$ cat model07.cif   # mmCIF, C-alpha atoms
data_model
#
loop_
_atom_site.label_atom_id
_atom_site.label_comp_id
_atom_site.auth_asym_id
_atom_site.auth_seq_id
_atom_site.Cartn_x
_atom_site.Cartn_y
_atom_site.Cartn_z
CA MET A 1 2.74 -3.25 -15.80
CA ALA A 2 1.09 -5.20 -12.99
CA SER A 3 -1.02 -8.25 -13.69
CA ARG A 4 -2.91 -10.29 -11.17
CA LYS A 5 -4.59 -13.57 -12.04
CA GLY A 6 -8.26 -14.15 -11.25
CA LEU A 7 -9.22 -16.95 -8.94
CA GLY A 8 -11.72 -18.86 -11.10
CA ASP A 9 -11.87 -22.60 -10.52
CA GLU A 10 -10.81 -24.97 -13.24
CA GLY A 11 -13.76 -25.65 -15.57
CA SER A 12 -15.75 -22.60 -14.43
CA ALA A 13 -16.44 -19.45 -16.52
CA PRO A 14 -13.30 -17.45 -17.30
CA VAL A 15 -12.54 -14.68 -14.84
CA PRO A 16 -13.16 -11.22 -16.37
CA HIS A 17 -9.99 -9.40 -17.30
CA VAL A 18 -10.01 -5.70 -16.51
CA LEU A 19 -7.45 -3.31 -17.96
CA ALA A 20 -6.75 -0.38 -15.60
CA VAL A 21 -5.05 2.70 -17.04
CA ASP A 22 -3.63 5.47 -14.86
CA ASP A 23 -0.41 7.46 -14.94
CA SER A 24 -0.36 7.65 -11.12
CA PRO A 25 1.38 4.59 -9.63
CA VAL A 26 -0.58 5.06 -6.39
CA ASP A 27 -3.93 5.13 -8.16
CA ARG A 28 -2.93 2.15 -10.30
CA ALA A 29 -2.13 0.18 -7.15
CA VAL A 30 -5.39 1.14 -5.46
CA ILE A 31 -7.64 0.42 -8.44
CA ALA A 32 -5.81 -2.88 -9.06
CA GLY A 33 -6.31 -3.77 -5.40
CA ILE A 34 -10.01 -2.97 -5.58
CA LEU A 35 -10.47 -5.06 -8.73
CA ARG A 36 -8.40 -7.91 -7.33
CA SER A 37 -10.53 -7.97 -4.18
CA SER A 38 -13.56 -8.41 -6.44
CA ARG A 39 -11.81 -11.45 -7.91
CA PHE A 40 -11.07 -9.98 -11.32
CA ARG A 41 -7.92 -10.54 -13.29
CA VAL A 42 -6.25 -7.13 -13.56
CA THR A 43 -3.61 -5.63 -15.80
CA ALA A 44 -2.59 -2.10 -14.84
CA VAL A 45 -0.70 0.14 -17.27
CA GLU A 46 0.51 3.72 -17.04
CA SER A 47 -0.68 5.24 -20.31
CA GLY A 48 -3.22 5.14 -23.11
CA LYS A 49 -0.45 4.18 -25.50
CA ARG A 50 0.47 1.12 -23.39
CA ALA A 51 -3.21 0.27 -23.09
CA LEU A 52 -3.61 0.22 -26.88
CA GLU A 53 -0.47 -1.89 -27.25
CA LEU A 54 -1.87 -4.41 -24.81
CA LEU A 55 -5.29 -4.38 -26.46
CA GLY A 56 -3.53 -5.24 -29.70
CA THR A 57 -2.12 -8.45 -28.24
CA GLU A 58 -4.55 -9.46 -25.51
CA PRO A 59 -7.81 -10.76 -27.00
CA ASN A 60 -9.90 -11.09 -23.86
CA VAL A 61 -10.17 -7.74 -22.09
CA SER A 62 -13.62 -7.52 -20.49
CA MET A 63 -13.53 -3.89 -19.41
CA ILE A 64 -11.23 -0.87 -19.49
CA ILE A 65 -11.15 1.53 -16.56
CA THR A 66 -9.08 4.60 -17.24
CA ASP A 67 -8.12 7.88 -15.64
CA TYR A 68 -9.22 10.95 -17.55
CA TRP A 69 -6.21 13.21 -17.16
CA MET A 70 -3.06 11.52 -18.42
CA PRO A 71 -0.12 13.02 -20.31
CA GLU A 72 0.14 12.39 -24.09
CA MET A 73 -3.21 10.61 -24.37
CA THR A 74 -6.15 11.42 -22.11
CA GLY A 75 -8.69 8.83 -21.04
CA TYR A 76 -11.18 10.51 -23.38
CA GLU A 77 -8.79 10.08 -26.31
CA LEU A 78 -8.29 6.45 -25.36
CA LEU A 79 -12.06 6.00 -25.18
CA LYS A 80 -12.43 7.45 -28.68
CA LYS A 81 -9.79 5.16 -30.12
CA VAL A 82 -11.43 2.12 -28.54
CA LYS A 83 -14.87 3.09 -29.81
CA GLU A 84 -13.52 3.82 -33.31
CA SER A 85 -12.03 0.32 -33.56
CA SER A 86 -14.29 -2.39 -34.97
CA ARG A 87 -12.35 -4.94 -32.93
CA LEU A 88 -12.40 -3.07 -29.62
CA LYS A 89 -15.60 -1.01 -29.66
CA GLU A 90 -17.67 -3.54 -27.69
CA ILE A 91 -15.32 -3.37 -24.69
CA PRO A 92 -16.97 -1.27 -21.96
CA VAL A 93 -14.87 1.74 -20.99
CA VAL A 94 -15.18 3.50 -17.64
CA ILE A 95 -13.58 6.88 -17.02
CA MET A 96 -12.24 8.03 -13.62
CA SER A 97 -11.48 11.60 -12.65
CA SER A 98 -10.79 13.57 -9.49
CA GLU A 99 -12.72 16.54 -10.90
CA ASN A 100 -16.49 16.71 -11.15
CA VAL A 101 -16.85 18.59 -14.44
CA PRO A 102 -20.32 18.00 -15.95
CA THR A 103 -19.27 18.91 -19.50
CA ARG A 104 -16.39 16.43 -19.25
CA ILE A 105 -18.64 13.70 -17.90
CA ASN A 106 -21.27 14.28 -20.59
CA ARG A 107 -18.67 14.31 -23.34
CA CYS A 108 -17.34 10.93 -22.21
CA LEU A 109 -20.77 9.40 -21.87
CA GLU A 110 -21.77 10.70 -25.31
CA GLU A 111 -18.62 9.17 -26.75
CA GLY A 112 -19.71 5.79 -25.39
CA ALA A 113 -18.23 5.54 -21.91
CA GLU A 114 -20.09 3.07 -19.75
CA ASP A 115 -19.78 5.17 -16.63
CA PHE A 116 -17.81 7.96 -15.02
CA LEU A 117 -16.38 7.49 -11.52
CA LEU A 118 -15.12 10.27 -9.29
CA LYS A 119 -11.84 9.68 -7.51
CA PRO A 120 -10.96 8.54 -4.95
CA VAL A 121 -12.61 5.41 -6.27
CA ARG A 122 -14.16 3.21 -3.60
CA PRO A 123 -14.54 -0.56 -3.65
CA ALA A 124 -18.33 -0.20 -3.47
CA ASP A 125 -18.33 1.99 -6.63
CA VAL A 126 -16.27 -0.53 -8.58
CA SER A 127 -18.22 -3.50 -7.26
CA ARG A 128 -21.55 -1.98 -8.34
CA LEU A 129 -20.12 -1.00 -11.69
CA CYS A 130 -18.58 -4.38 -12.43
CA SER A 131 -21.73 -6.21 -11.37
CA ARG A 132 -23.68 -4.16 -13.88
CA VAL A 133 -21.19 -4.22 -16.71
CA LEU A 134 -19.59 -7.63 -16.45
CA ARG A 135 -22.18 -10.01 -15.02
CA MET B 1 4.94 -6.91 25.42
CA ASP B 2 1.87 -9.02 24.59
CA TYR B 3 -0.10 -9.06 21.37
CA SER B 4 -3.30 -7.50 22.71
CA ASN B 5 -1.36 -4.55 24.11
CA LEU B 6 0.35 -3.96 20.76
CA ARG B 7 -2.98 -4.19 18.97
CA ARG B 8 -4.46 -1.64 21.35
CA GLN B 9 -1.52 0.68 20.76
CA ALA B 10 -1.88 0.35 16.98
CA ALA B 11 -5.62 1.00 17.17
CA SER B 12 -5.05 3.99 19.42
CA MET B 13 -2.38 5.34 17.09
CA LYS B 14 -4.67 5.01 14.10
CA LYS B 15 -7.57 6.67 15.94
CA SER B 16 -5.26 9.52 16.81
CA LEU B 17 -4.26 9.94 13.15
CA PHE B 18 -7.93 10.20 12.23
CA ASP B 19 -8.79 12.50 15.17
CA GLN B 20 -5.96 14.87 14.26
CA GLY B 21 -7.07 14.91 10.64
CA TYR B 22 -4.01 13.28 9.14
CA LEU B 23 -6.12 10.50 7.63
CA ASP B 24 -9.67 10.15 6.36
CA GLU B 25 -12.04 7.33 5.45
CA GLN B 26 -10.19 6.53 2.22
CA PHE B 27 -7.34 5.10 4.32
CA CYS B 28 -9.82 2.60 5.78
CA GLN B 29 -10.88 1.67 2.25
CA VAL B 30 -7.26 0.92 1.39
CA GLU B 31 -6.69 -1.12 4.57
CA ASP B 32 -9.89 -3.07 3.91
CA LEU B 33 -8.39 -4.30 0.63
CA GLN B 34 -5.90 -6.41 2.59
CA ASP B 35 -6.52 -10.11 2.49
CA GLU B 36 -4.58 -13.36 2.69
CA ALA B 37 -3.20 -12.84 -0.82
CA SER B 38 -2.09 -9.26 -0.02
CA PRO B 39 -1.67 -9.02 3.74
CA ASN B 40 0.55 -5.92 3.53
CA PHE B 41 -1.38 -4.10 0.82
CA ALA B 42 -1.91 -0.90 2.82
CA GLU B 43 1.75 -0.59 3.74
CA GLU B 44 2.78 -1.29 0.14
CA VAL B 45 0.46 1.43 -1.17
CA VAL B 46 1.62 3.89 1.47
CA THR B 47 5.27 3.14 0.66
CA LEU B 48 4.47 3.71 -3.00
CA PHE B 49 2.73 6.95 -2.07
CA PHE B 50 5.74 8.35 -0.25
CA LYS B 51 8.07 7.40 -3.09
CA ASP B 52 5.75 8.97 -5.66
CA SER B 53 4.89 12.04 -3.59
CA ALA B 54 8.57 12.81 -2.97
CA LYS B 55 9.01 12.97 -6.75
CA LEU B 56 5.91 15.09 -7.21
CA ILE B 57 7.03 17.51 -4.49
CA SER B 58 10.39 17.77 -6.20
CA ASN B 59 8.60 18.54 -9.49
CA VAL B 60 6.69 21.37 -7.81
CA GLU B 61 9.87 22.69 -6.19
CA GLN B 62 11.70 22.77 -9.50
CA ALA B 63 8.75 24.39 -11.23
CA LEU B 64 8.60 27.12 -8.57
CA GLU B 65 12.24 27.85 -9.22
CA LYS B 66 12.50 27.47 -12.99
CA TYR B 67 9.10 28.81 -14.07
CA PRO B 68 8.33 31.95 -12.07
CA LYS B 69 4.64 32.84 -11.90
CA ASP B 70 3.71 29.92 -14.15
CA PHE B 71 0.63 29.24 -12.07
CA ASN B 72 -0.87 26.84 -14.61
CA ARG B 73 2.22 24.65 -14.49
CA TRP B 74 2.47 24.85 -10.70
CA ASP B 75 -1.21 23.97 -10.41
CA ALA B 76 -0.91 21.02 -12.79
CA TYR B 77 1.92 19.51 -10.75
CA MET B 78 0.12 20.06 -7.48
CA GLN B 79 -3.04 18.49 -8.89
CA GLN B 80 -1.12 15.26 -9.32
CA LEU B 81 0.08 15.34 -5.74
CA LYS B 82 -3.39 16.16 -4.47
CA GLY B 83 -4.78 13.18 -6.38
CA SER B 84 -2.31 10.80 -4.75
CA CYS B 85 -3.09 12.21 -1.30
CA SER B 86 -6.76 11.71 -1.94
CA SER B 87 -6.27 8.10 -3.01
CA ILE B 88 -4.70 7.02 0.27
CA GLY B 89 -6.70 9.29 2.57
CA ALA B 90 -3.89 11.73 3.40
CA SER B 91 -6.37 14.37 4.44
CA ARG B 92 -4.20 17.17 5.86
CA MET B 93 -1.76 16.93 2.98
CA LYS B 94 -4.65 17.06 0.56
CA SER B 95 -5.98 20.22 2.22
CA GLU B 96 -2.62 21.95 1.88
CA CYS B 97 -2.43 20.90 -1.77
CA MET B 98 -5.86 22.44 -2.31
CA SER B 99 -4.74 25.59 -0.55
CA PHE B 100 -1.74 25.84 -2.89
CA ARG B 101 -4.03 25.41 -5.90
CA ASP B 102 -6.31 28.14 -4.57
CA TYR B 103 -3.34 30.50 -4.39
CA CYS B 104 -2.39 29.52 -7.95
CA GLY B 105 -5.89 30.47 -9.00
CA GLN B 106 -5.47 33.85 -7.31
CA GLY B 107 -2.06 34.41 -8.87
CA ASN B 108 -0.61 34.79 -5.38
CA VAL B 109 3.09 33.84 -5.44
CA GLU B 110 3.66 34.37 -1.74
CA GLY B 111 0.62 32.33 -0.86
CA CYS B 112 1.86 29.51 -3.09
CA MET B 113 5.29 29.55 -1.49
CA ARG B 114 3.83 29.51 2.02
CA SER B 115 1.39 26.72 1.33
CA PHE B 116 4.06 24.69 -0.46
CA GLN B 117 6.13 24.76 2.72
CA LYS B 118 3.09 23.49 4.59
CA VAL B 119 2.64 20.70 2.04
CA LYS B 120 6.23 19.62 2.69
CA ARG B 121 5.77 19.78 6.46
CA GLU B 122 2.59 17.73 6.35
CA HIS B 123 4.32 15.23 4.07
CA GLY B 124 7.15 14.80 6.56
CA ALA B 125 4.83 14.54 9.54
CA LEU B 126 2.58 11.99 7.85
CA ARG B 127 5.53 9.89 6.78
CA GLN B 128 6.83 9.72 10.37
CA LYS B 129 3.45 8.84 11.80
CA LEU B 130 2.62 6.17 9.25
CA GLU B 131 6.07 4.62 9.54
CA ALA B 132 5.53 4.33 13.29
CA TYR B 133 2.04 2.92 12.76
CA PHE B 134 3.15 0.22 10.35
CA GLN B 135 6.12 -0.65 12.50
CA LEU B 136 3.76 -1.23 15.39
CA LEU B 137 1.49 -3.31 13.17
CA ARG B 138 4.46 -5.38 12.10
CA GLN B 139 5.36 -6.01 15.74
CA ALA B 140 1.78 -7.01 16.45
CA GLY B 141 1.77 -9.05 13.23
CA GLN B 142 4.78 -11.09 14.31
CA LEU B 143 2.79 -12.15 17.34
CA VAL B 144 -0.31 -12.76 15.17
CA LEU B 145 1.63 -15.48 13.38
CA LEU B 146 1.87 -17.29 16.69
CA GLU B 147 -1.57 -16.60 18.14
CA LEU B 148 -3.72 -16.04 14.99
CA PRO B 149 -6.22 -13.42 16.22
CA PRO B 150 -7.66 -10.98 13.61
CA GLY B 151 -5.80 -7.74 12.89
CA PRO B 152 -7.06 -4.18 13.69
CA GLY B 153 -9.35 -2.52 11.17
CA CYS B 154 -11.23 0.74 10.79
CA LYS B 155 -14.51 -0.83 11.90
CA ASN B 156 -13.11 -2.09 15.28
#
$ encode --input "model07.cif" --output "structure tokens"
Amino acid sequence: MASRKGLGDEGSAPVPHVLAVDDSPVDRAVIAGILRSSRFRVTAVESGKRALELLGTEPNVSMIITDYWMPEMTGYELLKKVKESSRLKEIPVVIMSSENVPTRINRCLEEGAEDFLLKPVRPADVSRLCSRVLR
Amino acid sequence: MDYSNLRRQAASMKKSLFDQGYLDEQFCQVEDLQDEASPNFAEEVVTLFFKDSAKLISNVEQALEKYPKDFNRWDAYMQQLKGSCSSIGASRMKSECMSFRDYCGQGNVEGCMRSFQKVKREHGALRQKLEAYFQLLRQAGQLVLLELPPGPGCKN
């Protein structure tokens, strides 16, 4: 699990904490790098299961950005679990996928996903998204 | 060898990698994420890529051997590798991964075997070229510490 602190000044508003979920270590590194460059605090985990464990202990996650296709628990299944939880359901969830499958995208959006990003994710995509969702 | 010469060599090497199709714009996106807090971010991600991709290639190789004609399995493994290639801008490798997946879709064993060999060749070639590129950057970087000019980037 990789965690990078935000760079908020003392006394200013807390830096948003984004939880990135992806089973690919390369994609985790890239998405964490993109979020870090936008001055967010980032925790990157490798599975939906680890994400739920962290959400159980970390009270201040501002957004979840998750890959769709992951072994054991897909990003869609993680999305459902978050939205079914009274404690977690307000956390915006963004899904990433390398495949542009309209039925998949619609299913995620209908389940409450904030947005659906196609991989490879670009800094401009994440910046626009975070500006809309977090600020 | 002076700094400006090394910078020119690094820029020329990178341009060549783009011109020959080894890399695409996504590589620039990764390099652009470098800053004072993570000055070696691109090299770290590329190192991670080659470690991860070696494992993924091994997974495909084992699947080809242990699960004959299991095109769904072969395709699933190659999809992971293709995703990683895409994330760092490894364009030629990505194309060969896509070619392999096409052959899986056609149920063409020979085509899969041929394109898998190409995937491995492209992987080896890209590794050599990027190692040389980052080594040159490091040499230029050592001089940057003394002279403090900005480093090369995709927009230069």
$ interface_residues --input "model07.cif" --of "chain B" --to "chain A" --cutoff "7 Å" --atoms "only C-alpha atoms" --output "list in words"
Gln29, Leu33, Val45, Leu48, Phe49, Gly83, Ser84, Ser86 and Ser87 of chain B
$ write_last_selection --input "model07.cif" --atoms "C-alpha atoms" --output "PDB file, in the frame of the given file"
ATOM      1  CA  GLN B  29     -10.880   1.670   2.250  1.00  0.00           C
ATOM      2  CA  LEU B  33      -8.390  -4.300   0.630  1.00  0.00           C
ATOM      3  CA  VAL B  45       0.460   1.430  -1.170  1.00  0.00           C
ATOM      4  CA  LEU B  48       4.470   3.710  -3.000  1.00  0.00           C
ATOM      5  CA  PHE B  49       2.730   6.950  -2.070  1.00  0.00           C
ATOM      6  CA  GLY B  83      -4.780  13.180  -6.380  1.00  0.00           C
ATOM      7  CA  SER B  84      -2.310  10.800  -4.750  1.00  0.00           C
ATOM      8  CA  SER B  86      -6.760  11.710  -1.940  1.00  0.00           C
ATOM      9  CA  SER B  87      -6.270   8.100  -3.010  1.00  0.00           C
TER      10      SER B  87
END
$ atom_distance --input "model07.cif" --atom1 "atom CA of Ala54 of chain B" --atom2 "atom CA of Gln106 of chain B"
25.7 Å
$ resolve_selection --input "model07.cif" --expression "the PyMOL selection byres ((chain B and resi 94) around 9)" --output "number ranges by chain"
B: 81-86, 89-93, 95-99, 119
$ atom_distance --input "model07.cif" --atom1 "atom CA of Lys51 of chain B" --atom2 "atom CA of Asp19 of chain B"
25.4 Å
$ atom_distance --input "model07.cif" --atom1 "atom CA of Glu65 of chain B" --atom2 "atom CA of Val109 of chain B"
11.6 Å
$ axis_aligned_box --input "model07.cif" --around "segment 81-100 of chain B" --padding-each-side "5 Å" --output "lines of an AutoDock Vina configuration file"
center_x = -3.3
center_y = 16.4
center_z = -0.3
size_x = 16.8
size_y = 28.8
size_z = 22.2
$ resolve_selection --input "model07.cif" --expression "the PyMOL selection byres ((chain B and resi 3) around 6)" --output "ChimeraX atom specification"
/B:2,4-6,140,143
$ resolve_selection --input "model07.cif" --expression "the PyMOL selection byres ((chain B and resi 60) around 9)" --output "list of chain:residue names"
B:Lys55, B:Leu56, B:Ile57, B:Ser58, B:Asn59, B:Glu61, B:Gln62, B:Ala63, B:Leu64, B:Glu65, B:Arg73, B:Trp74, B:Asp75, B:Tyr77, B:Met78, B:Phe116
$ residues_around --input "model07.cif" --residues "segment 102-113 of chain A" --least-positions-apart "2" --cutoff "8 Å" --atoms "all atoms listed in the file" --output "ChimeraX atom specification"
/A:76,79-80,83,92-95,100,115-116
$ write_last_selection --input "model07.cif" --atoms "C-alpha atoms" --output "mmCIF file, in the frame of the given file"
data_model
loop_
_atom_site.group_PDB
_atom_site.id
_atom_site.type_symbol
_atom_site.label_atom_id
_atom_site.label_comp_id
_atom_site.auth_asym_id
_atom_site.auth_seq_id
_atom_site.Cartn_x
_atom_site.Cartn_y
_atom_site.Cartn_z
ATOM 1 C CA TYR A 76 -11.180 10.510 -23.380
ATOM 2 C CA LEU A 79 -12.060 6.000 -25.180
ATOM 3 C CA LYS A 80 -12.430 7.450 -28.680
ATOM 4 C CA LYS A 83 -14.870 3.090 -29.810
ATOM 5 C CA PRO A 92 -16.970 -1.270 -21.960
ATOM 6 C CA VAL A 93 -14.870 1.740 -20.990
ATOM 7 C CA VAL A 94 -15.180 3.500 -17.640
ATOM 8 C CA ILE A 95 -13.580 6.880 -17.020
ATOM 9 C CA ASN A 100 -16.490 16.710 -11.150
ATOM 10 C CA ASP A 115 -19.780 5.170 -16.630
ATOM 11 C CA PHE A 116 -17.810 7.960 -15.020
#
$ closest_residue --input "model07.cif" --among "B:Arg101, B:Gln80, B:Lys69, B:Phe134" --to "Asp67 of chain A" --atoms "all atoms listed in the file"
B:Gln80
$ closest_residue --input "model07.cif" --among "B:Val46, B:Cys112, B:Cys104, B:Val30" --to "Leu130 of chain B" --atoms "all atoms listed in the file"
B:Val46
$ residues_near_point --input "model07.cif" --point "(4.5, 6.0, -16.1)" --cutoff "10 Å" --atoms "only C-alpha atoms" --output "list of chain:residue names"
A:Met1, A:Asp22, A:Asp23, A:Ser24, A:Pro25, A:Val45, A:Glu46, A:Ser47, A:Arg50, A:Met70, A:Pro71
$ closest_residue --input "model07.cif" --among "B:Pro39, B:Phe71, B:Gln26, B:Leu126" --to "Gly141 of chain B" --atoms "only C-alpha atoms"
B:Pro39
$ closest_residue --input "model07.cif" --among "A:Ser131, A:Pro14, A:Glu53, A:Thr66" --to "Leu118 of chain A" --atoms "only C-alpha atoms"
A:Thr66
$ closest_residue --input "model07.cif" --among "B:Leu136, B:Gly107, B:Asn72, B:Phe100" --to "Lys120 of chain B" --atoms "all atoms listed in the file"
B:Phe100
$ build_atoms --input "model07.cif" --residues "segment 73-96 of chain A" --atoms "N, CA and C atoms" --output "compact mmCIF listing (two decimals), keeping the file's coordinate frame"
# COMPACT_ATOMS: atom_id res chain seq x y z
N MET A 73 -1.88 11.06 -23.91
CA MET A 73 -3.21 10.61 -24.37
C MET A 73 -4.15 10.60 -23.16
N THR A 74 -5.21 11.40 -23.25
CA THR A 74 -6.15 11.42 -22.11
C THR A 74 -7.03 10.17 -22.15
N GLY A 75 -7.75 9.94 -21.08
CA GLY A 75 -8.69 8.83 -21.04
C GLY A 75 -9.78 9.01 -22.08
N TYR A 76 -10.17 10.24 -22.35
CA TYR A 76 -11.18 10.51 -23.38
C TYR A 76 -10.66 10.11 -24.76
N GLU A 77 -9.40 10.44 -25.02
CA GLU A 77 -8.79 10.08 -26.31
C GLU A 77 -8.67 8.57 -26.44
N LEU A 78 -8.35 7.90 -25.34
CA LEU A 78 -8.29 6.45 -25.36
C LEU A 78 -9.68 5.86 -25.64
N LEU A 79 -10.67 6.42 -24.97
CA LEU A 79 -12.06 6.00 -25.18
C LEU A 79 -12.44 6.11 -26.66
N LYS A 80 -12.10 7.23 -27.25
CA LYS A 80 -12.43 7.45 -28.68
C LYS A 80 -11.78 6.41 -29.56
N LYS A 81 -10.51 6.15 -29.30
CA LYS A 81 -9.79 5.16 -30.12
C LYS A 81 -10.40 3.77 -29.97
N VAL A 82 -10.81 3.43 -28.76
CA VAL A 82 -11.43 2.12 -28.54
C VAL A 82 -12.76 2.05 -29.30
N LYS A 83 -13.54 3.11 -29.19
CA LYS A 83 -14.87 3.09 -29.81
C LYS A 83 -14.80 3.21 -31.34
N GLU A 84 -13.71 3.71 -31.85
CA GLU A 84 -13.52 3.82 -33.31
C GLU A 84 -13.04 2.51 -33.91
N SER A 85 -12.59 1.59 -33.07
CA SER A 85 -12.03 0.32 -33.56
C SER A 85 -13.12 -0.74 -33.64
N SER A 86 -13.25 -1.36 -34.80
CA SER A 86 -14.29 -2.39 -34.97
C SER A 86 -14.01 -3.58 -34.04
N ARG A 87 -12.74 -3.80 -33.75
CA ARG A 87 -12.35 -4.94 -32.93
C ARG A 87 -12.55 -4.66 -31.44
N LEU A 88 -12.40 -3.39 -31.05
CA LEU A 88 -12.40 -3.07 -29.62
C LEU A 88 -13.68 -2.39 -29.13
N LYS A 89 -14.52 -1.93 -30.05
CA LYS A 89 -15.60 -1.01 -29.66
C LYS A 89 -16.61 -1.59 -28.68
N GLU A 90 -16.70 -2.93 -28.62
CA GLU A 90 -17.67 -3.54 -27.69
C GLU A 90 -17.16 -3.60 -26.25
N ILE A 91 -15.88 -3.32 -26.06
CA ILE A 91 -15.32 -3.37 -24.69
C ILE A 91 -15.84 -2.17 -23.91
N PRO A 92 -16.50 -2.40 -22.78
CA PRO A 92 -16.97 -1.27 -21.96
C PRO A 92 -15.78 -0.47 -21.44
N VAL A 93 -15.93 0.85 -21.48
CA VAL A 93 -14.87 1.74 -20.99
C VAL A 93 -15.46 2.62 -19.89
N VAL A 94 -14.78 2.65 -18.77
CA VAL A 94 -15.18 3.50 -17.64
C VAL A 94 -14.10 4.55 -17.43
N ILE A 95 -14.53 5.77 -17.21
CA ILE A 95 -13.58 6.88 -17.02
C ILE A 95 -13.56 7.24 -15.53
N MET A 96 -12.37 7.54 -15.00
CA MET A 96 -12.24 8.03 -13.62
C MET A 96 -11.63 9.43 -13.67
